[in-house]
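Single-structure report; data block below.
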Amino acid sequence: MMLLRSFKLLRRRRRSNLPPFPFSSPRRHSTAVDVSNSKDVVSSSIVTQLQELLQHPKDEWNSQESKNLLLPLLFNDSEPLSSRQILQITRQLGSTTKALDFLEFIRTNAEPEQQHCHLLSSVFQSALELANRDATSKIEVLKLHGYLKSQNWKIDLSSQSALILLRCLEGAKMVDDSLFLFKRLDNSAKNPGIFNELLRLLMKSGRIDDALQVLDEMLERDSKILLNGSTGDTVIEELVKWRDPRGRSFSDEETLALVKKLGEHGVFPDTFKLTQLITNLCKRKSNNAAREILHCVMEFGGEVDAAPCNAMLTGLGKGRDIEGMNKLLVKMQEMNIRPSVVTFGIVFRHLCAARRVDEALEMFNKLRGKGESNLFGVEPDVVLFNTLIDGLCKVEREEEALSLLEEMKTGSKHKPNTITYNCLIDGFGKAGNIHKAQELFDQMNEEGVQPNVVTLNVLVNGMCRSGRVHSAVEVFNAMKEKGLKGNAATYTPLISAFCGVNNIDKAMQFFDEMLSSGCSPDAIVYYSLISGLSIAGRMDDASIVVSKLKQAEFGLDVACYNVLISGFCKKNKLERVYEMLEEMEKVGVKPDTVTYNTLLSSLGKSGDFETANKLMKKMRKEGLAPSVVTFGALIHANCLNDNVDYAMTIFQEMCSTTSKVHPNTVIYNILIDALCKKDDVEKAVSLMDDMEERGVRPNTTTYNAILKGIRDKGVLNVALALMDRMIANACRADYVTMEILTEWLSAVGEIGKLDRFVMGYSVSSDSRSSLAKLFAASNSSPKALCKSSDGKESSTESMEKLSTTSMAKLFTVSTDRPLRAPSKLADRKTSSRRSSSAKISAASTSSQRAPCKSSDGKASLTTSLAELFTVSTYHPLREPPESPDRKRKSS
DNA sequence: CTAGGGTTAG
C-alpha cells in the first residue's frame, strides 16, 4: 500500500509542475540560480525526493527507472549530500534492516571512483541509531557489529557510531572487540567522548594496562582533555569501586600507576575518592601503596585534607605502625593539613592500644585548652572522651576512667552515652569488680542512658569471667523481660563459662536457646562450644559441633583447629590429630606457633623427642619463631622425662642477655614444680627468689608448687614467709593452697596462723629476707615432720646430673633448640616411671626407622606437617608394651 | 575516630 501511494505521489508531481525534479531540469542550472538564497530549499527537496524514492521496497530500487532517479541524487559530485542529510534520509527508512539495505544499495551502485565513504559512514551511523532506540536495541546493535565484522570493517565509523557500538559491547562484556574497534577507528573520530567511554569500559573490566595505553594515546594527542573533560574522574571513580566477580580489585601497582599518571597531568582524586582509595588499600593491608598514593597526591600538588590522612592513620594503626603514624602527622603539619577531631580519635586510640594512655591524656588536655590556648582548633567530643575512658579501662586504670566520667557529667557539654558506660562496665567487669559494674549499670538507667545489647554483653561477660555464671544468667533473664534480645556475643561467654565448670548440658542448652530465639550463631559461638567441649575432653561432641559448623557454611580457623588438636592430643587420638593437620593443609589454614606448641607439648609429654625435634626444625623453616610457650613445652617435656637439668639449661639460656624470649611465670612454675618433685627444694626456692629479682610475678600455682615442696621438707618458717608474700602480692589462695596448709599447720599446731592468713594478716616474723637464706637456715637442722631424703640416692643423682648436663651441651651446639634426647643412662636406670621410659626407648629407635618410612613413596623434601607427625606416632615399636629384651635390642 | 564473645604450654 505504501508503495502505491508513493508512486502516485511521484506521478502527481510529474504531472503538476511543482518544483522540478533535479533530473528533469539541469541541476547545474538550478543550483546556479538558487545558490544565493534557496540552497537549503533545494537541498531539502533532494532529501525529500530521496526519502520518497526510498519508500519503495529495496527490489524496486534496483529497477533501472529507480536507479535513474536515485543515483544522481546520491552521487552528486558537485554538490554531495551532507552527513546530516544522509542521516535524515536514512532515519526516515524506519528500520535497521532497511538502513542496511540502503547501505548495500549505495555500495553496489557506487562507481569505484566515486567518493561514497562518508555516505556509507553516515548510513551506518543512522542504522545504529535506529537499532539503538528501543528495548531490543542491544541485539540489533550487536547484529550491526557483526555486519561490520563480516564486511571486514570497510565502513568508516563516525564518533557517534563508535559510541553506540562501544556502549553496547560494554554491556555484552566484549572488551576485546571494543579495543579492536578503537584501533580501527580513524583518528578524526577519536574524540574525548570516545576516549572516556573506552577508558571507563576498560577500567570496569579491570583492564588497567589497556586503559593506561589508551590514556597515553589520549594525552599524546591532547593533554588538555584530562583537565577539561571528565576523563580523570571517570578513571578514578572506576579505580575506587572496581571489583571483579571474585572480589579482586586492582593491584597496588596498577592503582599507583594510574594515580601517578593522572597526577603528573594535574588530575587528582577528590578528597572523598582519595579517602576511599586509601581505605580500600589499607583494608587489604597495602599500607605502603596507600602511603605512596597519598604522598603522590601531596607531592604533585593535589588538595589533601584531614579525611584521607585519617584513613591512612587508621591503616597504619591497624598495622601497629606508630612510627608511621608519627611520620604522617609530621607530614600533615609540614603540608599545613589541619587535623580534625577524628585525627585525634585515631591517634588516641592507638596510643591507648600501645599502653601510652598518658600521652593521649596529655594531648587531650591540650585540646581542652587547659592552661594554654587550643593549638589545633579542635574541640574534643564525646568520642574522644569514650576513647580515653576505654583506653584507661584497658590498662587497668578504671578509677581514672571513672573520674573522666564524672567530668563528663559535671564539667563538660559532652554527656556520657551508652558507649561511655559500656566501656566502664566492661572495664570493671574484667577487673572482677562486678559490684561497681552493676552500680554503673544502675546509674546509667537512672540517668536515662539506654543500655543496649553490648551493655548486656559486657555485664554477662564480666560475671562469667569471675565465676558468677548464675548472676550472668539472671541479668540476661532480666534483660529479656525488658525486651532486649541477646545476640551471639551474649551467648558466647555463657557457653564458655558453663563448659568451663564442666556443665556441658547447660552450655548446650544455651546454644539451643540461641538457635530457637532466632539469633543466628556466628563462627565464634561455634568456636567457643568446640573449645569448651575439647577442653572438657568431649571430643566426640566437639566433632559433632564441628560438623554443625560446617553445615552452617562456616570454616574452622587456625585457633579452632588448635583447640581440637589439643583435645585429640590429650585423648591420645593421634589419628584424629593427623586428620586435622591434613584438613588444615587441604583447606589452606596454615599451622601457627600455637599449633606447633600444642604438638610439641604433646610429643614431649609422650617422650617422642625424635618427632618433636623434627617439628622444631620445621617450625623454624616455616619462619615461626619459638615463643615463651614453645620453651615452656620443651622445658616441661624435659622435666616430665627426668631431665630437669636439661630443662634448667634451656631456662638459663632464656635468661641470658642475648635471648629474645624471657621466662615468665609459667616457666618458673614448671621448673619449681619439677625441682620440688625431684626433691631439689633448695633450687626451687632459689628460683623463686630469682623470679622476684627479675620481676616475674608468682601466682597461686607457683605458691602451691613450692608449698608442697617445703611441706615435704618441713621448713615451716619458709611457708609462713610465703604466706605473707601471697598476701602482699594479692595472690589468692585456692583450694589446693588451703588443703596443703590446713593439713600441715594443724599437724604442727599452728592452725591459728592459717586463720590470720585467710583474714589477710601477716604470719611471719622474717618475711623480708630471701627465701633461699631462710631455707638454708631452716634446713640445716632437720625439724619435726621433715622427711629425710635417702643419702645414697642423692649421690647417684648428682652423678647423673653431671653426665646429662654434658649431653645437654652437646645438643645446644645446633642452631635449633632441641629437646633433650634420652640419654643411655636413662635406659640403664631402673625407672619407676615405667611408661615414660618405654616411650623414650621407642622414640630413640624411631630415629633409625624414620628413613625407611620416608622412602615409601610419598616422602618429599617438603614433608607436610601431617606426614611429619605420623612418621613416628605410627611407628610400630611404639605400640606394643615394652619388654626389656626388645629395649636392649634396639640400643 | 569510640563499646561486646572463642584461641596453645603449667
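In the C-alpha cells, chains take letters A, B, ... by order of appearance, with residues numbered from 1 within each chain and ligands from 1 in the order shown.
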Using 8 Å as the limit and counting only C-alpha atoms (C1' of nucleotides), can you tabulate each residue of chain A that touches chain B, with its shortest atom-to-atom distance in Å and the two atoms involved, as a Markdown table?
```
| residue | atom | partner | partner_atom | distance |
| --- | --- | --- | --- | --- |
| A:Val341 | CA | B:DC1 | C1' | 7.6 |
| A:Val342 | CA | B:DC1 | C1' | 4.5 |
| A:Thr343 | CA | B:DC1 | C1' | 6.8 |
| A:Phe344 | CA | B:DC1 | C1' | 7.3 |
| A:Gly345 | CA | B:DC1 | C1' | 4.2 |
| A:Ile346 | CA | B:DC1 | C1' | 5.0 |
| A:Arg349 | CA | B:DC1 | C1' | 8.0 |
| A:Val383 | CA | B:DT2 | C1' | 4.8 |
| A:Leu384 | CA | B:DT2 | C1' | 6.9 |
| A:Asn386 | CA | B:DT2 | C1' | 5.3 |
| A:Thr387 | CA | B:DT2 | C1' | 4.8 |
| A:Asp390 | CA | B:DA3 | C1' | 7.9 |
| A:Ile419 | CA | B:DA3 | C1' | 4.9 |
| A:Thr420 | CA | B:DA3 | C1' | 7.4 |
| A:Asn422 | CA | B:DA3 | C1' | 5.4 |
| A:Cys423 | CA | B:DA3 | C1' | 5.3 |
| A:Val454 | CA | B:DG4 | C1' | 5.0 |
| A:Thr455 | CA | B:DG4 | C1' | 7.6 |
| A:Asn457 | CA | B:DG4 | C1' | 5.4 |
| A:Val458 | CA | B:DG4 | C1' | 5.6 |
| A:Asn461 | CA | B:DG5 | C1' | 7.9 |
| A:Ala488 | CA | B:DG5 | C1' | 7.2 |
| A:Ala489 | CA | B:DG5 | C1' | 4.2 |
| A:Thr490 | CA | B:DG5 | C1' | 6.7 |
| A:Tyr491 | CA | B:DG5 | C1' | 7.5 |
| A:Thr492 | CA | B:DG5 | C1' | 4.9 |
| A:Pro493 | CA | B:DG5 | C1' | 5.9 |
| A:Ser496 | CA | B:DG6 | C1' | 7.8 |
| A:Ile524 | CA | B:DG6 | C1' | 5.3 |
| A:Val525 | CA | B:DG6 | C1' | 6.6 |
| A:Tyr526 | CA | B:DG6 | C1' | 7.9 |
| A:Tyr527 | CA | B:DG6 | C1' | 5.2 |
| A:Ser528 | CA | B:DG6 | C1' | 4.1 |
| A:Leu529 | CA | B:DG6 | C1' | 7.8 |
| A:Ser531 | CA | B:DG6 | C1' | 7.1 |
| A:Ala559 | CA | B:DT7 | C1' | 4.6 |
| A:Cys560 | CA | B:DT7 | C1' | 6.7 |
| A:Asn562 | CA | B:DT8 | C1' | 7.0 |
| A:Val563 | CA | B:DT7 | C1' | 7.0 |
| A:Ser566 | CA | B:DT8 | C1' | 7.7 |
| A:Val594 | CA | B:DT8 | C1' | 4.7 |
| A:Thr595 | CA | B:DT8 | C1' | 6.9 |
| A:Asn597 | CA | B:DT8 | C1' | 6.3 |
| A:Thr598 | CA | B:DT8 | C1' | 5.5 |
| A:Ser601 | CA | B:DA9 | C1' | 6.8 |
| A:Val629 | CA | B:DA9 | C1' | 5.0 |
| A:Thr630 | CA | B:DA9 | C1' | 7.1 |
| A:Gly632 | CA | B:DA9 | C1' | 5.7 |
| A:Ala633 | CA | B:DA9 | C1' | 5.4 |
| A:Val666 | CA | B:DG10 | C1' | 5.5 |
| A:Ile667 | CA | B:DG10 | C1' | 7.5 |
| A:Asn669 | CA | B:DG10 | C1' | 6.4 |
| A:Ile670 | CA | B:DG10 | C1' | 5.7 |
```
Give me the residues near Asn717 (chain A) as a PDB file with N, CA, C and O atoms, in the first residue's frame, where near means some atom within 10 Å (using only C-alpha atoms (C1' of nucleotides)) and where sequence neighbours in that chain fewer than 6 positions away do not count.
```pdb
ATOM      1  N   ILE A 710      58.173 -27.520 100.174  1.00  0.00           N
ATOM      2  CA  ILE A 710      58.733 -27.266 101.511  1.00  0.00           C
ATOM      3  C   ILE A 710      57.957 -27.997 102.596  1.00  0.00           C
ATOM      4  O   ILE A 710      58.481 -28.256 103.667  1.00  0.00           O
ATOM      5  N   MET A 723      53.423 -17.345 102.843  1.00  0.00           N
ATOM      6  CA  MET A 723      52.041 -16.915 103.057  1.00  0.00           C
ATOM      7  C   MET A 723      51.962 -15.398 103.109  1.00  0.00           C
ATOM      8  O   MET A 723      51.068 -14.785 102.532  1.00  0.00           O
ATOM      9  N   VAL A 763      51.846 -13.411 109.038  1.00  0.00           N
ATOM     10  CA  VAL A 763      52.018 -14.556 109.930  1.00  0.00           C
ATOM     11  C   VAL A 763      53.476 -14.849 110.232  1.00  0.00           C
ATOM     12  O   VAL A 763      53.793 -15.741 111.005  1.00  0.00           O
ATOM     13  N   SER A 764      54.370 -14.106 109.582  1.00  0.00           N
ATOM     14  CA  SER A 764      55.784 -14.456 109.699  1.00  0.00           C
ATOM     15  C   SER A 764      56.558 -13.291 110.312  1.00  0.00           C
ATOM     16  O   SER A 764      56.154 -12.136 110.223  1.00  0.00           O
ATOM     17  N   SER A 765      57.663 -13.614 110.950  1.00  0.00           N
ATOM     18  CA  SER A 765      58.462 -12.561 111.565  1.00  0.00           C
ATOM     19  C   SER A 765      59.557 -12.074 110.620  1.00  0.00           C
ATOM     20  O   SER A 765      59.929 -10.915 110.634  1.00  0.00           O
ATOM     21  N   ASP A 766      60.057 -12.978 109.822  1.00  0.00           N
ATOM     22  CA  ASP A 766      61.152 -12.547 108.941  1.00  0.00           C
ATOM     23  C   ASP A 766      60.801 -12.769 107.459  1.00  0.00           C
ATOM     24  O   ASP A 766      61.387 -13.569 106.762  1.00  0.00           O
ATOM     25  N   SER A 767      59.841 -12.033 107.013  1.00  0.00           N
ATOM     26  CA  SER A 767      59.423 -12.203 105.635  1.00  0.00           C
ATOM     27  C   SER A 767      60.254 -11.336 104.686  1.00  0.00           C
ATOM     28  O   SER A 767      60.047 -11.327 103.497  1.00  0.00           O
ATOM     29  N   LEU A 771      64.143 -16.090 100.428  1.00  0.00           N
ATOM     30  CA  LEU A 771      63.655 -17.427 100.740  1.00  0.00           C
ATOM     31  C   LEU A 771      64.809 -18.398 100.874  1.00  0.00           C
ATOM     32  O   LEU A 771      64.810 -19.275 101.730  1.00  0.00           O
ATOM     33  N   LEU A 774      66.415 -18.152 104.253  1.00  0.00           N
ATOM     34  CA  LEU A 774      65.511 -18.760 105.218  1.00  0.00           C
ATOM     35  C   LEU A 774      65.562 -20.278 105.134  1.00  0.00           C
ATOM     36  O   LEU A 774      65.623 -20.989 106.130  1.00  0.00           O
ATOM     37  N   PHE A 775      65.535 -20.723 103.895  1.00  0.00           N
ATOM     38  CA  PHE A 775      65.503 -22.158 103.662  1.00  0.00           C
ATOM     39  C   PHE A 775      66.773 -22.814 104.161  1.00  0.00           C
ATOM     40  O   PHE A 775      66.744 -23.846 104.832  1.00  0.00           O
ATOM     41  N   ALA A 777      68.800 -21.748 106.417  1.00  0.00           N
ATOM     42  CA  ALA A 777      68.830 -21.719 107.877  1.00  0.00           C
ATOM     43  C   ALA A 777      67.936 -22.798 108.464  1.00  0.00           C
ATOM     44  O   ALA A 777      68.317 -23.514 109.393  1.00  0.00           O
ATOM     45  N   SER A 778      66.763 -22.935 107.915  1.00  0.00           N
ATOM     46  CA  SER A 778      65.814 -23.899 108.459  1.00  0.00           C
ATOM     47  C   SER A 778      66.210 -25.321 108.145  1.00  0.00           C
ATOM     48  O   SER A 778      65.959 -26.230 108.914  1.00  0.00           O
TER      49      SER A 778
END
```
List every residue of region 485-636 of chain A that DSSP, applied to the backbone, labels as alpha helix (DSSP H), and write the result as a PyMOL selection string. chain A and resi 488-500+504-516+523-535+539-551+558-570+574-587+593-605+609-621+628-636
Test item: residues at most 7 Å from region 731-736 of chain A, only C-alpha atoms (C1' of nucleotides), excluding those fewer than 6 positions along its chain, as a list in words: Asn699, Thr700 and Asn704 of chain A
Now that the selection is made, can you save its residues with C-alpha atoms as a PDB file, in the first residue's frame?
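Wrote part-v8.pdb, looks like this:
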```
ATOM      1  CA  ASN A 699      50.839 -16.747  91.018  1.00  0.00           C
ATOM      2  CA  THR A 700      48.822 -19.207  93.054  1.00  0.00           C
ATOM      3  CA  ASN A 704      51.180 -24.123  95.625  1.00  0.00           C
TER       4      ASN A 704
END
```
Pairwise distance for CA of Ser517 (chain A) and CA of Tyr421 (chain A), rounded to one decimal in Å: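 About the pair CA of Ser517 (chain A) and CA of Tyr421 (chain A): they are 27.0 Å apart.
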Tell me, as a PyMOL selection string, which residues lie within 9 Å of Ala612 (chain A), counting only C-alpha atoms (C1' of nucleotides); anything in the same chain fewer than 3 positions away does not count. chain A and resi 599-604+607-609+615-617+818-819+869
Limited to N, CA, C and O atoms, could you put the picked residues into a file as a short mmCIF file (atom, residue, chain, number, x, y, z; two decimals), in the first residue's frame?
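Once written, result_27.cif looks like this:
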```cif
data_model
loop_
_atom_site.label_atom_id
_atom_site.label_comp_id
_atom_site.auth_asym_id
_atom_site.auth_seq_id
_atom_site.Cartn_x
_atom_site.Cartn_y
_atom_site.Cartn_z
N LEU A 599 51.47 -29.38 69.47
CA LEU A 599 52.03 -30.66 69.05
C LEU A 599 53.31 -30.96 69.82
O LEU A 599 53.53 -32.08 70.28
N LEU A 600 54.15 -29.95 69.95
CA LEU A 600 55.42 -30.14 70.65
C LEU A 600 55.17 -30.58 72.09
O LEU A 600 55.82 -31.50 72.59
N SER A 601 54.23 -29.93 72.70
CA SER A 601 53.95 -30.25 74.09
C SER A 601 53.46 -31.69 74.21
O SER A 601 53.87 -32.43 75.10
N SER A 602 52.59 -32.06 73.28
CA SER A 602 52.06 -33.42 73.32
C SER A 602 53.14 -34.45 73.06
O SER A 602 53.26 -35.46 73.75
N LEU A 603 53.95 -34.19 72.04
CA LEU A 603 55.04 -35.11 71.72
C LEU A 603 56.02 -35.19 72.88
O LEU A 603 56.52 -36.27 73.21
N GLY A 604 56.28 -34.05 73.46
CA GLY A 604 57.22 -34.00 74.56
C GLY A 604 56.73 -34.82 75.74
O GLY A 604 57.48 -35.56 76.37
N GLY A 607 57.18 -38.29 75.24
CA GLY A 607 58.59 -38.66 75.13
C GLY A 607 59.06 -38.89 73.70
O GLY A 607 60.13 -39.45 73.48
N ASP A 608 58.27 -38.45 72.74
CA ASP A 608 58.69 -38.65 71.35
C ASP A 608 59.58 -37.49 70.91
O ASP A 608 59.18 -36.59 70.18
N PHE A 609 60.79 -37.51 71.37
CA PHE A 609 61.72 -36.43 71.10
C PHE A 609 62.12 -36.34 69.65
O PHE A 609 62.42 -35.28 69.12
N LEU A 615 59.92 -31.44 64.35
CA LEU A 615 58.87 -30.43 64.32
C LEU A 615 59.45 -29.05 64.59
O LEU A 615 59.05 -28.06 63.96
N MET A 616 60.38 -28.99 65.50
CA MET A 616 61.05 -27.72 65.79
C MET A 616 61.73 -27.18 64.55
O MET A 616 61.66 -25.98 64.25
N LYS A 617 62.39 -28.09 63.85
CA LYS A 617 63.10 -27.67 62.64
C LYS A 617 62.12 -27.12 61.62
O LYS A 617 62.35 -26.09 60.99
N PRO A 818 66.96 -28.00 70.60
CA PRO A 818 66.40 -29.35 70.58
C PRO A 818 65.80 -29.74 71.91
O PRO A 818 66.13 -29.16 72.94
N LEU A 819 64.94 -30.69 71.83
CA LEU A 819 64.53 -31.34 73.06
C LEU A 819 65.69 -32.22 73.47
O LEU A 819 66.45 -32.67 72.64
N PHE A 869 54.13 -35.70 61.50
CA PHE A 869 53.55 -36.11 62.76
C PHE A 869 53.29 -37.61 62.80
O PHE A 869 53.39 -38.24 63.82
#
```
If we count only C-alpha atoms (C1' of nucleotides), what is near Phe272 (chain A) at a cut-off of 10 Å, once residues fewer than 6 positions away on the same chain are taken out, given as a PyMOL selection string? chain A and resi 304-305+307-308
Save out the residues we just selected, N, CA, C and O atoms, as a PDB file, in the first residue's frame.
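part.pdb, freshly written:
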```pdb
ATOM      1  N   VAL A 304      44.793  17.930  49.664  1.00  0.00           N
ATOM      2  CA  VAL A 304      44.595  16.857  50.635  1.00  0.00           C
ATOM      3  C   VAL A 304      44.156  17.463  51.954  1.00  0.00           C
ATOM      4  O   VAL A 304      44.826  18.351  52.473  1.00  0.00           O
ATOM      5  N   ASP A 305      43.042  16.990  52.465  1.00  0.00           N
ATOM      6  CA  ASP A 305      42.641  17.466  53.786  1.00  0.00           C
ATOM      7  C   ASP A 305      42.758  16.339  54.809  1.00  0.00           C
ATOM      8  O   ASP A 305      43.389  15.317  54.539  1.00  0.00           O
ATOM      9  N   ALA A 307      40.683  14.105  55.968  1.00  0.00           N
ATOM     10  CA  ALA A 307      39.997  12.816  55.772  1.00  0.00           C
ATOM     11  C   ALA A 307      40.891  11.702  55.215  1.00  0.00           C
ATOM     12  O   ALA A 307      40.985  10.635  55.830  1.00  0.00           O
ATOM     13  N   PRO A 308      41.560  11.925  54.062  1.00  0.00           N
ATOM     14  CA  PRO A 308      42.420  10.838  53.579  1.00  0.00           C
ATOM     15  C   PRO A 308      43.573  10.528  54.542  1.00  0.00           C
ATOM     16  O   PRO A 308      43.980   9.364  54.646  1.00  0.00           O
TER      17      PRO A 308
END
```
Residues near region 105-111 of chain A, cut-off 9 Å, only C-alpha atoms (C1' of nucleotides), skip fewer than 2 positions along chain, as a count of residues only: 17
8 Å contact set for Tyr668 (chain A), only C-alpha atoms (C1' of nucleotides), chain neighbours under 4 positions out, as an MDAnalysis selection string: chainID A and resid 663:664 672 687:688 691 702
Quick one: write out the picked residues with C-alpha atoms as an mmCIF file, in the first residue's frame?
```
data_model
loop_
_atom_site.group_PDB
_atom_site.id
_atom_site.type_symbol
_atom_site.label_atom_id
_atom_site.label_comp_id
_atom_site.auth_asym_id
_atom_site.auth_seq_id
_atom_site.Cartn_x
_atom_site.Cartn_y
_atom_site.Cartn_z
ATOM 1 C CA PRO A 663 60.944 -16.767 81.182
ATOM 2 C CA ASN A 664 57.513 -15.916 82.502
ATOM 3 C CA ILE A 672 59.755 -25.036 90.565
ATOM 4 C CA LEU A 687 64.295 -19.954 91.638
ATOM 5 C CA MET A 688 61.527 -18.226 93.449
ATOM 6 C CA MET A 691 61.705 -14.693 89.975
ATOM 7 C CA THR A 702 53.761 -21.001 91.967
#
```
Provide the CA of Glu362 (chain A) to CA of Leu316 (chain A) distance in Å, to one decimal place.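 According to the coordinates, CA of Glu362 (chain A) and CA of Leu316 (chain A) are separated by 21.8 Å.
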